[in-house]
$ cat structure_3.txt   # compact mmCIF, C-alpha atoms and all ligand atoms
# COMPACT_ATOMS: atom_id res chain seq x y z
CA MET A 1372 78.42 79.12 63.43
CA ILE A 1373 79.39 76.50 66.01
CA ARG A 1374 81.84 73.90 64.68
CA PRO A 1375 80.99 70.21 65.23
CA VAL A 1376 84.17 69.65 67.24
CA ASP A 1377 83.25 72.47 69.61
CA ALA A 1378 79.79 70.99 70.10
CA ILE A 1379 81.29 67.57 70.92
CA LEU A 1380 83.86 69.01 73.30
CA GLU A 1381 81.32 71.25 75.01
CA PHE A 1382 79.04 68.26 75.48
CA LEU A 1383 81.89 66.17 76.94
CA SER A 1384 82.91 68.96 79.32
CA ILE A 1385 79.36 69.28 80.61
CA GLU A 1386 79.11 65.50 81.08
CA GLN A 1387 82.44 65.57 82.90
CA ALA A 1388 81.22 68.37 85.15
CA ARG A 1389 78.20 66.21 85.99
CA GLY A 1390 80.59 63.51 87.18
CA VAL A 1391 80.25 61.26 84.12
CA THR A 1392 83.58 59.53 83.51
CA HIS A 1393 82.84 57.45 80.38
CA VAL A 1394 80.74 57.90 77.28
CA HIS A 1395 79.88 55.24 74.75
CA LEU A 1396 81.15 55.93 71.22
CA ASP A 1397 79.56 54.02 68.40
CA GLU A 1398 81.42 53.44 65.14
CA GLY A 1399 79.94 56.57 63.55
CA ALA A 1400 81.13 58.74 66.43
CA ARG A 1401 84.58 57.18 66.22
CA ASP A 1402 84.73 57.94 62.51
CA THR A 1403 83.79 61.55 63.17
CA LEU A 1404 86.51 61.88 65.80
CA ARG A 1405 89.06 60.20 63.54
CA SER A 1406 88.33 62.66 60.77
CA LEU A 1407 88.50 65.62 63.16
CA PHE A 1408 91.80 64.29 64.43
CA LEU A 1409 93.16 64.05 60.89
CA LEU A 1410 91.87 67.51 60.12
CA SER A 1411 93.66 68.95 63.14
CA LYS A 1412 96.90 67.23 62.05
CA LYS A 1413 96.60 68.78 58.61
CA GLY A 1414 96.46 72.22 60.19
CA GLY A 1415 92.67 72.45 60.20
CA THR A 1416 90.84 74.51 62.75
CA ALA A 1417 90.06 71.86 65.35
CA PRO A 1418 91.16 73.06 68.81
CA VAL A 1419 94.48 71.84 70.10
CA SER A 1420 94.79 69.87 73.29
CA PRO A 1421 97.38 71.95 75.18
CA SER A 1422 99.22 69.08 76.80
CA SER A 1423 99.58 66.84 73.78
CA GLN A 1424 99.12 69.19 70.81
CA SER A 1425 96.74 66.60 69.32
CA LEU A 1426 93.36 65.14 70.11
CA PRO A 1427 93.51 61.83 71.95
CA SER A 1428 93.09 58.62 70.03
CA PRO A 1429 89.44 57.57 69.56
CA ALA A 1430 89.72 54.97 72.31
CA LYS A 1431 90.98 57.57 74.78
CA ALA A 1432 88.34 60.04 73.67
CA ALA A 1433 85.91 58.02 75.77
CA ALA A 1434 87.48 59.59 78.87
CA PRO A 1435 86.30 63.22 78.91
CA ALA A 1436 88.93 64.21 81.48
CA SER A 1437 91.46 64.30 78.64
CA VAL A 1438 89.58 66.69 76.37
CA SER A 1439 88.87 70.35 76.60
CA SER A 1440 86.95 72.80 74.50
CA LEU A 1441 89.30 75.59 75.43
CA MET A 1442 90.82 77.66 72.67
CA ILE A 1443 94.40 78.61 73.39
CA GLU A 1444 95.14 81.92 71.72
CA GLY A 1445 98.27 84.04 71.57
CA GLU A 1446 101.94 83.64 70.82
CA THR A 1447 103.53 83.98 74.22
CA ARG A 1448 102.77 81.94 77.33
CA ALA A 1449 101.44 85.08 79.03
CA GLN A 1450 99.04 85.71 76.14
CA GLN A 1451 97.93 82.08 76.14
CA LEU A 1452 97.28 82.13 79.88
CA ASP A 1453 95.37 85.35 79.44
CA SER A 1454 93.17 83.69 76.83
CA LEU A 1455 92.44 80.94 79.36
CA ARG A 1456 91.64 83.50 82.04
CA ARG A 1457 89.07 85.16 79.77
CA GLN A 1458 87.38 81.82 79.06
CA ALA A 1459 87.34 80.92 82.75
CA GLU A 1460 85.27 84.02 83.60
CA ASN A 1461 82.08 82.50 82.30
CA TRP A 1462 82.95 78.84 82.10
CA ALA A 1463 79.62 77.15 81.40
CA PRO A 1464 80.41 73.75 83.01
CA ALA A 1465 81.29 75.50 86.30
CA ARG A 1466 78.34 77.89 86.14
CA ALA A 1467 75.97 75.02 85.32
CA LEU A 1468 76.69 73.37 88.67
CA GLY A 1469 75.15 76.31 90.55
CA SER A 1470 77.32 75.54 93.59
CA LEU A 1471 80.21 77.91 92.97
CA ARG A 1472 80.28 81.64 93.61
CA GLU A 1473 80.28 84.29 90.92
CA THR A 1474 83.81 85.71 91.08
CA MET A 1475 86.44 83.84 89.13
CA VAL A 1476 89.92 83.80 90.68
CA PHE A 1477 92.52 82.85 88.13
CA SER A 1478 96.10 81.73 88.75
CA THR A 1479 99.00 84.07 89.30
CA GLY A 1480 102.73 84.10 88.79
CA ASN A 1481 105.43 83.53 86.25
CA PRO A 1482 104.29 82.01 82.92
CA ASP A 1483 107.80 80.57 82.53
CA ALA A 1484 107.95 79.16 86.05
CA ARG A 1485 109.99 76.05 86.78
CA VAL A 1486 107.70 75.20 89.69
CA MET A 1487 103.90 75.24 89.71
CA LEU A 1488 101.92 75.03 92.95
CA VAL A 1489 98.33 73.83 92.95
CA GLY A 1490 95.92 74.48 95.81
CA GLU A 1491 92.24 73.63 96.16
CA ALA A 1492 90.05 76.70 95.65
CA PRO A 1493 89.99 80.40 96.49
CA GLY A 1494 88.76 81.37 99.94
CA TYR A 1495 87.26 84.57 101.33
CA GLN A 1496 90.39 86.72 101.00
CA GLU A 1497 91.33 85.33 97.58
CA GLU A 1498 87.87 86.09 96.23
CA LYS A 1499 88.07 89.62 97.60
CA GLU A 1500 91.47 90.26 96.01
CA ARG A 1501 90.92 88.00 92.98
CA GLU A 1502 94.28 86.33 93.52
CA PRO A 1503 95.10 82.83 94.83
CA PHE A 1504 96.82 82.37 98.18
CA VAL A 1505 96.70 85.91 99.53
CA GLY A 1506 95.06 85.10 102.91
CA PRO A 1507 96.77 83.54 105.94
CA ALA A 1508 97.55 80.31 104.04
CA GLY A 1509 99.09 82.45 101.31
CA GLN A 1510 101.34 84.21 103.83
CA LYS A 1511 102.51 80.81 105.04
CA LEU A 1512 103.11 79.71 101.46
CA ASN A 1513 105.17 82.85 100.83
CA ASP A 1514 107.33 81.99 103.86
CA ILE A 1515 107.93 78.47 102.53
CA LEU A 1516 108.86 79.78 99.08
CA LYS A 1517 111.19 82.36 100.59
CA ALA A 1518 112.95 79.64 102.59
CA MET A 1519 113.44 77.76 99.32
CA GLY A 1520 115.00 80.84 97.73
CA LEU A 1521 112.08 81.09 95.32
CA PRO A 1522 110.23 84.41 95.47
CA ARG A 1523 106.46 84.14 94.93
CA GLU A 1524 106.80 86.02 91.61
CA GLU A 1525 109.08 83.30 90.26
CA VAL A 1526 106.61 80.42 90.61
CA TYR A 1527 103.17 79.81 89.12
CA ILE A 1528 100.32 79.47 91.62
CA SER A 1529 97.06 77.82 90.62
CA ASN A 1530 94.01 76.23 92.20
CA ILE A 1531 92.10 73.13 91.08
CA VAL A 1532 88.85 75.15 91.28
CA LYS A 1533 88.74 78.73 90.05
CA PHE A 1534 85.67 79.89 92.00
CA ARG A 1535 85.04 79.94 95.73
CA PRO A 1536 82.75 77.05 96.67
CA ALA A 1537 79.45 78.46 97.97
CA THR A 1538 77.80 77.63 101.27
CA ALA A 1539 74.50 78.69 102.82
CA ARG A 1540 74.66 82.08 104.59
CA GLN A 1541 78.33 82.35 103.68
CA THR A 1542 80.49 84.94 105.36
CA THR A 1543 84.20 84.21 105.72
CA ASN A 1544 83.77 80.43 105.90
CA ASN A 1545 85.06 78.22 103.09
CA ARG A 1546 84.42 74.66 102.08
CA LYS A 1547 86.30 71.98 100.18
CA PRO A 1548 85.28 71.71 96.51
CA THR A 1549 83.28 68.68 95.39
CA PRO A 1550 84.57 66.21 92.77
CA GLU A 1551 82.10 67.73 90.25
CA GLU A 1552 83.45 71.23 90.91
CA MET A 1553 86.99 69.97 90.47
CA ALA A 1554 86.11 68.15 87.25
CA ALA A 1555 84.47 71.29 85.85
CA CYS A 1556 87.67 73.34 86.31
CA MET A 1557 90.23 70.63 85.52
CA PRO A 1558 90.46 71.57 81.81
CA PHE A 1559 91.98 74.89 82.92
CA VAL A 1560 94.55 73.28 85.19
CA ARG A 1561 95.51 70.83 82.47
CA ALA A 1562 95.79 73.67 79.94
CA GLU A 1563 97.86 75.78 82.34
CA ILE A 1564 100.29 72.92 82.86
CA GLY A 1565 100.48 72.48 79.09
CA ILE A 1566 101.32 76.16 78.60
CA VAL A 1567 103.68 76.80 81.55
CA LYS A 1568 105.36 73.39 81.24
CA PRO A 1569 106.74 73.46 84.79
CA GLU A 1570 109.57 71.09 85.62
CA CYS A 1571 107.64 70.01 88.66
CA ILE A 1572 104.31 70.53 90.39
CA ILE A 1573 103.62 70.79 94.11
CA ALA A 1574 100.13 69.65 95.09
CA LEU A 1575 99.18 71.54 98.24
CA GLY A 1576 96.97 69.25 100.30
CA GLY A 1577 94.81 66.23 99.70
CA THR A 1578 92.16 67.99 97.61
CA ALA A 1579 94.71 69.17 95.06
CA ALA A 1580 96.19 65.66 94.94
CA GLU A 1581 92.72 64.18 94.49
CA GLY A 1582 91.90 66.57 91.62
CA LEU A 1583 95.26 66.27 89.87
CA LEU A 1584 96.17 62.67 90.49
CA ASN A 1585 92.89 60.94 91.31
CA LEU A 1586 94.39 59.93 94.62
CA ALA A 1587 92.30 59.27 97.70
CA GLY A 1588 93.46 58.95 101.28
CA THR A 1589 95.66 60.99 103.55
CA VAL A 1590 98.42 63.39 102.60
CA THR A 1591 100.61 61.40 104.98
CA ALA A 1592 100.23 58.42 102.65
CA MET A 1593 100.62 60.46 99.44
CA ARG A 1594 103.70 62.47 100.36
CA GLY A 1595 107.28 61.29 100.40
CA ASP A 1596 107.26 60.04 96.81
CA TRP A 1597 107.04 61.35 93.26
CA HIS A 1598 103.77 61.09 91.35
CA ASP A 1599 103.13 61.89 87.72
CA PHE A 1600 100.69 64.19 85.97
CA GLU A 1601 100.86 63.45 82.25
CA GLY A 1602 104.64 63.44 82.27
CA THR A 1603 105.25 66.16 84.87
CA PRO A 1604 106.54 65.05 88.30
CA VAL A 1605 104.26 65.96 91.20
CA ARG A 1606 105.13 66.14 94.89
CA VAL A 1607 102.25 66.15 97.36
CA THR A 1608 102.65 68.02 100.62
CA TYR A 1609 100.45 69.37 103.41
CA HIS A 1610 98.32 72.41 102.65
CA PRO A 1611 99.68 75.61 104.28
CA SER A 1612 96.37 75.90 106.20
CA TYR A 1613 97.15 72.58 107.83
CA LEU A 1614 100.49 73.99 108.93
CA LEU A 1615 98.64 76.94 110.45
CA GLN A 1616 96.10 74.66 112.16
CA SER A 1617 98.79 72.44 113.56
CA GLY A 1618 100.18 75.53 115.30
CA GLY A 1619 103.42 75.25 113.36
CA SER A 1620 104.08 71.88 114.98
CA ASN A 1621 107.65 70.85 114.29
CA PRO A 1622 106.97 67.39 112.80
CA VAL A 1623 104.55 68.86 110.21
CA LYS A 1624 106.89 71.77 109.41
CA ARG A 1625 109.72 69.36 109.02
CA GLN A 1626 107.77 67.08 106.67
CA VAL A 1627 106.76 70.01 104.48
CA TRP A 1628 110.37 71.13 104.39
CA GLU A 1629 111.53 67.61 103.42
CA ASP A 1630 109.06 67.75 100.52
CA MET A 1631 110.41 71.13 99.47
CA LEU A 1632 114.01 69.85 99.63
CA ALA A 1633 112.95 67.00 97.34
CA VAL A 1634 111.54 69.55 94.89
CA MET A 1635 114.71 71.65 95.06
CA GLU A 1636 116.82 68.56 94.40
CA LYS A 1637 114.58 67.51 91.52
CA ILE A 1638 115.13 70.76 89.63
CA ASP A 1639 118.72 71.29 90.75
CA LEU A 1640 118.14 74.38 92.85
CA PRO A 1641 121.13 75.16 95.05
CA ILE A 1642 120.67 73.93 98.63
CA SER A 1643 122.81 75.49 101.34
CA GLU A 1644 123.95 73.69 104.49
CA LYS A 1645 121.66 75.97 106.45
CA GLN A 1646 118.66 75.00 104.28
CA ARG A 1647 119.50 71.33 104.57
CA GLY A 1648 119.76 71.64 108.32
CA TYR A 1649 116.40 73.36 108.96
CA PHE A 1650 114.40 71.39 111.52
CA LEU A 1651 117.14 68.87 112.12
CA GLN A 1652 117.09 67.83 115.75
CA LYS A 1653 119.81 69.58 117.67
N1 LIG A 1701 93.61 77.76 99.88
C1 LIG A 1701 93.74 77.27 98.63
O1 LIG A 1701 93.79 76.05 98.43
N2 LIG A 1701 93.83 78.14 97.64
C2 LIG A 1701 93.81 79.44 97.81
O2 LIG A 1701 93.92 80.18 96.84
C3 LIG A 1701 93.68 79.93 99.12
C4 LIG A 1701 93.59 79.07 100.14

$ encode --input "structure_3.txt" --output "structure tokens" --more "lines below"
Ligand code: URA
Amino acid sequence: MIRPVDAILEFLSIEQARGVTHVHLDEGARDTLRSLFLLSKKGGTAPVSPSSQSLPSPAKAAAPASVSSLMIEGETRAQQLDSLRRQAENWAPARALGSLRETMVFSTGNPDARVMLVGEAPGYQEEKEREPFVGPAGQKLNDILKAMGLPREEVYISNIVKFRPATARQTTNNRKPTPEEMAACMPFVRAEIGIVKPECIIALGGTAAEGLLNLAGTVTAMRGDWHDFEGTPVRVTYHPSYLLQSGGSNPVKRQVWEDMLAVMEKIDLPISEKQRGYFLQK
């Protein structure tokens, strides 16, 4: 039997996926949410919001972006992430859009990572291998991580959208996800952050920053400063594909490296003289 709280949360997720950002709650609805909130505090069976461990206050419940009907199961972080992965496979709000491809590509990496990287969506190669960042952009990302002294296996790598955005007569071409596609998958990203609890997040490119931080504009304007995602510091940098497109131009490389140095400083990773000196003008 479907529980009332699941029905409400499912409804809100679908509305969110349709791009709806506010719903009206009358007094009766508020009362229902209050009682569900109290029930969850008493150890009832209402689902737990992974980032806060409690449902939002009734006033905040009007913003569906902060709720999720995901059930987090398991004791360890790896088990909990695995329970998310299983739910992502047939995630109704994403399927309902009809604009995303069939294969779900979940995140990869260390469930106890100190650093989480968020990209936009899987591309051709990622869909084929069912792993984020394994194509040319992924190779570039691996190089950046190696230069930081952080092997790929040590970090957690996610995408805002868990399915490859579809296009007409699609072969190897990819497209940027729409705001609706991002909203449909955001509950997973939020839940992943709540489980992994990284010390800092790197948003790779403008789309990731838009999805995570609701920012609009250029990466040039977004980078160079710390942002915040529900208490976790976020650094925005250029997407590795942009580095590839810019032909490894030194100013872009240097800016990405400055962003990575800021991340390393933030979490107290050791920085050698050589690392500090990369791309300094001779
Ligand atoms: N680009 C992304 O943003 N994510 C991937 O997984 C691959 C390429």

$ residues_near_ligand --input "structure_3.txt" --ligand "ligand LIG 1701 (chain A)" --cutoff "10 Å" --atoms "all atoms listed in the file" --output "ChimeraX atom specification"
/A:1476-1479,1488-1498,1501-1510,1512,1528-1535,1545-1548,1574-1579,1610-1612

$ closest_residue --input "structure_3.txt" --among "A:Ala1537, A:Leu1651, A:Val1526, A:Leu1583" --to "Pro1558 of chain A" --atoms "all atoms listed in the file"
A:Leu1583

$ residues_around --input "structure_3.txt" --residues "Leu1640 of chain A" --least-positions-apart "6" --cutoff "10 Å" --atoms "only C-alpha atoms" --output "PyMOL selection string"
chain A and resi 1519-1521+1632+1634

$ closest_atom_pairs --input "structure_3.txt" --of "segment 1534-1571 of chain A" --to "segment 1451-1470 of chain A" --cutoff "9 Å" --atoms "only C-alpha atoms" --output "CSV"
residue,atom,partner,partner_atom,distance
A:Phe1534,CA,A:Ala1465,CA,8.4
A:Pro1536,CA,A:Ser1470,CA,6.4
A:Ala1537,CA,A:Ser1470,CA,5.7
A:Thr1538,CA,A:Ser1470,CA,8.0
A:Glu1551,CA,A:Leu1468,CA,8.0
A:Glu1552,CA,A:Ala1465,CA,6.6
A:Met1553,CA,A:Ala1465,CA,9.0
A:Ala1554,CA,A:Ala1465,CA,8.8
A:Ala1555,CA,A:Ala1465,CA,5.3
A:Cys1556,CA,A:Ala1465,CA,6.7
A:Phe1559,CA,A:Leu1455,CA,7.0
A:Ala1562,CA,A:Leu1455,CA,8.0
A:Glu1563,CA,A:Leu1452,CA,6.8
A:Ile1566,CA,A:Gln1451,CA,7.3
A:Val1567,CA,A:Leu1452,CA,8.5

$ closest_residue --input "structure_3.txt" --among "A:Lys1511, A:Ala1580, A:Glu1629, A:Arg1594" --to "Tyr1613 of chain A" --atoms "all atoms listed in the file"
A:Lys1511

$ atom_distance --input "structure_3.txt" --atom1 "atom CA of Glu1473 of chain A" --atom2 "atom CA of Met1557 of chain A"
17.7 Å

$ closest_residue --input "structure_3.txt" --among "A:Gly1565, A:Pro1604, A:Pro1522, A:Gly1480" --to "Ile1443 of chain A" --atoms "all atoms listed in the file"
A:Gly1565
